[in-house]
$ cat run.txt   # compact mmCIF, C-alpha atoms
# COMPACT_ATOMS: atom_id res chain seq x y z
CA ASP L 106 -15.63 11.03 7.17
CA ALA L 107 -18.47 8.69 6.29
CA LYS L 108 -20.85 7.53 9.00
CA THR L 109 -20.96 3.89 10.02
CA THR L 110 -23.79 1.80 11.41
CA GLN L 111 -23.22 -1.22 13.63
CA PRO L 112 -25.58 -3.31 15.76
CA PRO L 113 -25.37 -2.13 19.38
CA SER L 114 -24.64 -5.61 20.67
CA MET L 115 -24.34 -9.28 19.73
CA ASP L 116 -23.48 -12.61 21.28
CA CYS L 117 -21.13 -15.17 19.81
CA ALA L 118 -20.43 -18.77 20.76
CA GLU L 119 -16.93 -19.58 21.96
CA GLY L 120 -14.94 -21.46 19.32
CA ARG L 121 -17.20 -20.40 16.48
CA ALA L 122 -16.57 -17.72 13.90
CA ALA L 123 -17.91 -14.30 14.84
CA ASN L 124 -19.15 -12.12 11.98
CA LEU L 125 -19.43 -8.45 12.86
CA PRO L 126 -21.27 -6.30 10.31
CA CYS L 127 -20.77 -2.63 9.51
CA ASN L 128 -22.66 -0.44 7.05
CA HIS L 129 -20.95 2.57 5.52
CA SER L 130 -23.13 3.43 2.56
CA THR L 131 -21.73 6.97 2.14
CA ILE L 132 -18.10 5.89 1.97
CA SER L 133 -16.03 7.75 -0.60
CA GLY L 134 -13.34 6.39 -2.84
CA ASN L 135 -10.36 7.38 -0.73
CA GLU L 136 -11.73 6.31 2.64
CA TYR L 137 -10.35 3.29 4.45
CA VAL L 138 -12.34 0.98 6.70
CA TYR L 139 -10.75 0.48 10.12
CA TRP L 140 -11.69 -1.87 12.92
CA TYR L 141 -10.73 -1.40 16.54
CA ARG L 142 -11.82 -3.06 19.72
CA GLN L 143 -11.87 -1.82 23.27
CA ILE L 144 -11.81 -3.92 26.37
CA HIS L 145 -13.16 -2.17 29.43
CA SER L 146 -10.90 0.51 30.88
CA GLN L 147 -8.27 0.19 28.17
CA GLY L 148 -7.38 2.15 25.06
CA PRO L 149 -8.76 0.83 21.75
CA GLN L 150 -6.70 -1.86 20.08
CA TYR L 151 -6.14 -1.88 16.33
CA ILE L 152 -7.45 -4.97 14.56
CA ILE L 153 -7.32 -4.48 10.82
CA HIS L 154 -8.01 -2.01 8.03
CA GLY L 155 -8.66 -2.11 4.28
CA LEU L 156 -9.58 -0.04 1.27
CA LYS L 157 -11.03 -2.32 -1.40
CA ASN L 158 -9.59 -5.78 -1.12
CA ASN L 159 -10.30 -8.29 1.60
CA GLU L 160 -7.62 -8.37 4.26
CA THR L 161 -6.44 -10.97 6.74
CA ASN L 162 -4.02 -10.86 9.62
CA GLU L 163 -3.32 -12.89 12.72
CA MET L 164 -6.32 -11.44 14.53
CA ALA L 165 -9.12 -11.30 11.98
CA SER L 166 -10.31 -11.07 8.42
CA LEU L 167 -11.98 -8.09 6.82
CA ILE L 168 -14.45 -8.63 4.01
CA ILE L 169 -15.44 -5.50 2.08
CA THR L 170 -18.30 -5.70 -0.40
CA GLU L 171 -17.59 -4.86 -3.99
CA ASP L 172 -19.55 -1.59 -3.77
CA ARG L 173 -17.70 -0.83 -0.48
CA LYS L 174 -20.94 0.12 1.24
CA SER L 175 -20.56 -2.49 3.92
CA SER L 176 -17.97 -4.72 5.50
CA THR L 177 -17.71 -7.66 7.88
CA LEU L 178 -15.07 -8.33 10.46
CA ILE L 179 -14.56 -12.04 11.01
CA LEU L 180 -13.02 -13.45 14.16
CA PRO L 181 -12.32 -17.02 12.99
CA HIS L 182 -12.46 -18.77 16.37
CA ALA L 183 -13.96 -16.54 19.03
CA THR L 184 -12.55 -16.83 22.53
CA LEU L 185 -13.75 -15.37 25.80
CA ARG L 186 -10.98 -12.78 25.54
CA ASP L 187 -12.59 -11.45 22.37
CA THR L 188 -15.42 -9.99 24.45
CA ALA L 189 -15.14 -6.26 23.81
CA VAL L 190 -16.70 -3.25 22.10
CA TYR L 191 -15.83 -3.33 18.42
CA TYR L 192 -15.64 -0.09 16.45
CA CYS L 193 -15.89 0.21 12.71
CA ILE L 194 -14.78 3.57 11.32
CA VAL L 195 -14.21 4.89 7.84
CA THR L 196 -11.76 7.68 7.29
CA SER L 197 -9.56 9.20 4.66
CA GLY L 198 -6.24 10.87 5.28
CA ASN L 199 -7.95 14.03 6.43
CA ASN L 200 -7.90 15.31 9.94
CA ARG L 201 -11.09 14.48 11.75
CA LEU L 202 -11.38 11.00 13.24
CA ALA L 203 -14.69 10.16 14.90
CA PHE L 204 -15.89 6.86 16.38
CA GLY L 205 -19.46 5.70 16.77
CA LYS L 206 -20.91 3.80 19.72
CA GLY L 207 -19.57 0.47 18.59
CA ASN L 208 -20.88 -3.08 18.87
CA GLN L 209 -20.69 -4.76 22.29
CA VAL L 210 -19.70 -8.32 21.47
CA VAL L 211 -20.02 -10.94 24.17
CA VAL L 212 -18.48 -14.36 23.62
CA ILE L 213 -20.49 -16.99 25.43
CA PRO L 214 -18.93 -20.25 26.69
CA SER W 194 7.68 2.37 16.59
CA GLN W 195 5.19 4.96 17.72
CA THR W 196 4.25 5.22 21.38
CA ILE W 197 1.87 7.43 23.31
CA HIS W 198 2.26 8.37 26.94
CA GLN W 199 -0.61 9.77 28.93
CA TRP W 200 -0.57 11.03 32.49
CA PRO W 201 -1.81 10.98 35.04
CA ALA W 202 -3.43 7.57 34.66
CA THR W 203 -5.95 8.28 37.41
CA LEU W 204 -7.13 11.56 38.82
CA VAL W 205 -9.73 12.57 41.41
CA GLN W 206 -10.54 16.27 41.41
CA PRO W 207 -13.15 18.42 43.19
CA VAL W 208 -15.76 20.35 41.25
CA GLY W 209 -14.43 23.75 40.24
CA SER W 210 -10.79 22.76 40.29
CA PRO W 211 -8.51 23.01 37.24
CA LEU W 212 -7.42 20.11 35.06
CA SER W 213 -4.37 19.29 33.01
CA LEU W 214 -3.97 15.99 31.19
CA GLU W 215 -0.85 15.53 29.16
CA CYS W 216 -0.15 13.37 26.15
CA THR W 217 3.26 12.95 24.55
CA VAL W 218 4.18 10.83 21.56
CA GLU W 219 7.39 9.24 20.37
CA GLY W 220 8.57 7.65 17.17
CA THR W 221 6.85 9.92 14.69
CA SER W 222 6.88 13.51 13.50
CA ASN W 223 4.06 15.86 12.62
CA PRO W 224 1.27 13.49 13.65
CA ASN W 225 -2.38 14.41 13.98
CA LEU W 226 -3.29 14.26 17.64
CA TYR W 227 -6.70 13.65 19.19
CA TRP W 228 -8.43 13.84 22.55
CA TYR W 229 -11.46 11.62 23.20
CA ARG W 230 -13.70 11.19 26.20
CA GLN W 231 -15.65 8.11 27.12
CA ALA W 232 -18.33 8.31 29.78
CA ALA W 233 -19.28 5.12 31.59
CA GLY W 234 -20.91 2.66 29.19
CA ARG W 235 -20.73 5.07 26.27
CA GLY W 236 -18.81 5.35 23.01
CA LEU W 237 -15.79 7.48 22.22
CA GLN W 238 -16.58 11.17 21.88
CA LEU W 239 -14.11 13.26 19.90
CA LEU W 240 -13.22 16.41 21.85
CA PHE W 241 -10.31 18.04 20.04
CA TYR W 242 -7.87 17.33 17.28
CA SER W 243 -4.69 19.02 16.13
CA VAL W 244 -2.84 18.88 12.84
CA GLY W 245 0.18 20.85 14.02
CA ILE W 246 1.72 23.07 16.67
CA GLY W 247 -0.76 25.63 17.88
CA GLN W 248 -3.54 24.30 15.63
CA ILE W 249 -6.59 23.06 17.53
CA SER W 250 -10.01 22.08 16.22
CA SER W 251 -12.78 21.80 18.77
CA GLU W 252 -15.65 19.35 18.46
CA VAL W 253 -17.28 20.04 21.80
CA PRO W 254 -17.66 23.67 22.92
CA GLN W 255 -17.68 23.03 26.66
CA ASN W 256 -15.45 24.04 29.53
CA LEU W 257 -12.50 22.06 28.17
CA SER W 258 -9.65 23.36 26.04
CA ALA W 259 -6.64 21.83 24.33
CA SER W 260 -3.21 23.08 23.40
CA ARG W 261 -0.31 21.77 21.37
CA PRO W 262 2.81 23.65 22.44
CA GLN W 263 5.16 21.18 20.77
CA ASP W 264 4.87 18.79 17.84
CA ARG W 265 4.68 15.74 20.10
CA GLN W 266 2.77 17.20 23.03
CA PHE W 267 -0.98 17.58 23.40
CA ILE W 268 -2.58 18.95 26.57
CA LEU W 269 -6.20 18.85 27.67
CA SER W 270 -7.19 21.49 30.21
CA SER W 271 -10.04 22.96 32.14
CA LYS W 272 -10.19 26.01 34.37
CA LYS W 273 -13.15 24.72 36.40
CA LEU W 274 -14.21 21.08 36.32
CA LEU W 275 -17.84 19.99 36.31
CA LEU W 276 -19.23 16.69 37.57
CA SER W 277 -20.09 15.83 33.97
CA ASP W 278 -16.40 15.99 33.05
CA SER W 279 -15.85 12.65 34.75
CA GLY W 280 -14.83 9.92 32.37
CA PHE W 281 -12.09 8.07 30.59
CA TYR W 282 -9.90 10.36 28.46
CA LEU W 283 -7.92 8.95 25.56
CA CYS W 284 -5.21 10.51 23.46
CA ALA W 285 -4.58 9.18 19.97
CA LEU W 286 -2.17 9.88 17.17
CA ARG W 287 -2.46 9.44 13.45
CA THR W 288 0.72 9.17 11.44
CA ILE W 289 1.42 11.54 8.61
CA SER W 290 0.60 8.83 6.08
CA GLY W 291 -2.85 8.62 7.64
CA ASN W 292 -2.92 4.86 7.68
CA THR W 293 -1.92 4.15 11.25
CA ILE W 294 -3.78 5.24 14.37
CA TYR W 295 -2.47 4.61 17.87
CA PHE W 296 -4.12 5.13 21.24
CA GLY W 297 -2.70 5.82 24.65
CA GLU W 298 -3.74 3.84 27.68
CA GLY W 299 -6.11 6.52 28.89
CA SER W 300 -6.63 8.69 31.95
CA TRP W 301 -9.46 8.13 34.39
CA LEU W 302 -10.90 11.38 35.74
CA THR W 303 -13.39 11.43 38.59
CA VAL W 304 -14.83 14.78 39.54
CA VAL W 305 -16.29 14.80 43.05
$ encode --input "run.txt" --output "structure tokens"
Amino acid sequence: DAKTTQPPSMDCAEGRAANLPCNHSTISGNEYVYWYRQIHSQGPQYIIHGLKNNETNEMASLIITEDRKSSTLILPHATLRDTAVYYCIVTSGNNRLAFGKGNQVVVIP
Amino acid sequence: SQTIHQWPATLVQPVGSPLSLECTVEGTSNPNLYWYRQAAGRGLQLLFYSVGIGQISSEVPQNLSASRPQDRQFILSSKKLLLSDSGFYLCALRTISGNTIYFGEGSWLTVV
């Protein structure tokens, strides 16, 4: 699976859009981009995933660049409950599934 | 829908004692199963994964082992725990299509 790079931490203002970047320059054609978040002492929660096209669901939007080497998770209106560690992973349908250290996002009132 | 059950949720064990954490899944067949560990303030470290009964791939050659005696059962074990084994252990499954990944609620292990 391709490696991902995320900032170790970032702050976001409550009520504003939060844009979380992820670089995955070695992504291959059959690898999906997944986003999860983890609130302290809980299992990771699925947010969204995509292959090529931008995706949107009730939680967030995922913007994937045309060359697929990077993506951005957008939380449209950040709330205090969005404070969490956000993980970006890229993986194909193969077996290994590794996470990085994630991005500690803190939503500030 | 797929569900994952992990137990025990919390465990306090003395150094040198054995360990058995169990993970069972429902609602899917032939999933890939994973064990992760998360030390305090750290990211998720992949420990083991399994693509089928009796098939285990190890990422971390330490004093932990894993077994998959049944399709929907994944067990993490140790014969002698170390202080460094303390952490939050998570089981995850990946459906056969590969597009859905689910996590259990985790097991907190404190080695004293």
$ interface_residues --input "run.txt" --of "chain L" --to "chain W" --cutoff "8 Å" --atoms "only C-alpha atoms" --output "PyMOL selection string"
chain L and resi 146-151+197-207
$ atom_distance --input "run.txt" --atom1 "CA of Leu275 (chain W)" --atom2 "CA of Ala259 (chain W)"
16.5 Å
$ closest_residue --input "run.txt" --among "L:Val210, L:Ala118, L:His145, L:Tyr139" --to "Ile169 (chain L)" --atoms "only C-alpha atoms"
L:Tyr139
$ axis_aligned_box --input "run.txt" --around "region 114-132 of chain L" --padding-each-side "4 Å" --output "JSON"
{"center_x": -19.8, "center_y": -7.2, "center_z": 12.0, "size_x": 17.7, "size_y": 36.4, "size_z": 28.0}
$ closest_residue --input "run.txt" --among "W:Leu286, W:Leu214, W:Ile268, W:Leu276" --to "Val304 (chain W)" --atoms "all atoms listed in the file"
W:Leu276
$ residues_around --input "run.txt" --residues "Val212 (chain L)" --least-positions-apart "4" --cutoff "6 Å" --atoms "all atoms listed in the file" --output "MDAnalysis selection string"
chainID L and resid 116:119 185 188
$ atom_distance --input "run.txt" --atom1 "CA of Asp172 (chain L)" --atom2 "CA of Ala189 (chain L)"
28.3 Å
$ atom_distance --input "run.txt" --atom1 "CA of Val138 (chain L)" --atom2 "CA of Ile152 (chain L)"
11.0 Å
$ residues_around --input "run.txt" --residues "Asn158 (chain L)" --least-positions-apart "6" --cutoff "9 Å" --atoms "only C-alpha atoms" --output "list in words"
Leu167, Ile168, Ile169, Thr170 and Glu171 of chain L
$ residues_around --input "run.txt" --residues "Ile153 (chain L)" --least-positions-apart "5" --cutoff "10 Å" --atoms "only C-alpha atoms" --output "list in words"
Val138, Tyr139, Trp140, Tyr141, Glu160, Thr161, Asn162, Glu163, Met164, Ala165, Ser166, Leu167, Leu178 and Cys193 of chain L
$ closest_residue --input "run.txt" --among "L:Ser133, L:Thr109, L:Thr184, L:Thr196" --to "Pro214 (chain L)" --atoms "all atoms listed in the file"
L:Thr184
$ residues_around --input "run.txt" --residues "Leu269 (chain W)" --least-positions-apart "2" --cutoff "9 Å" --atoms "only C-alpha atoms" --output "PyMOL selection string"
chain W and resi 212-216+228+241+257-260+267+271
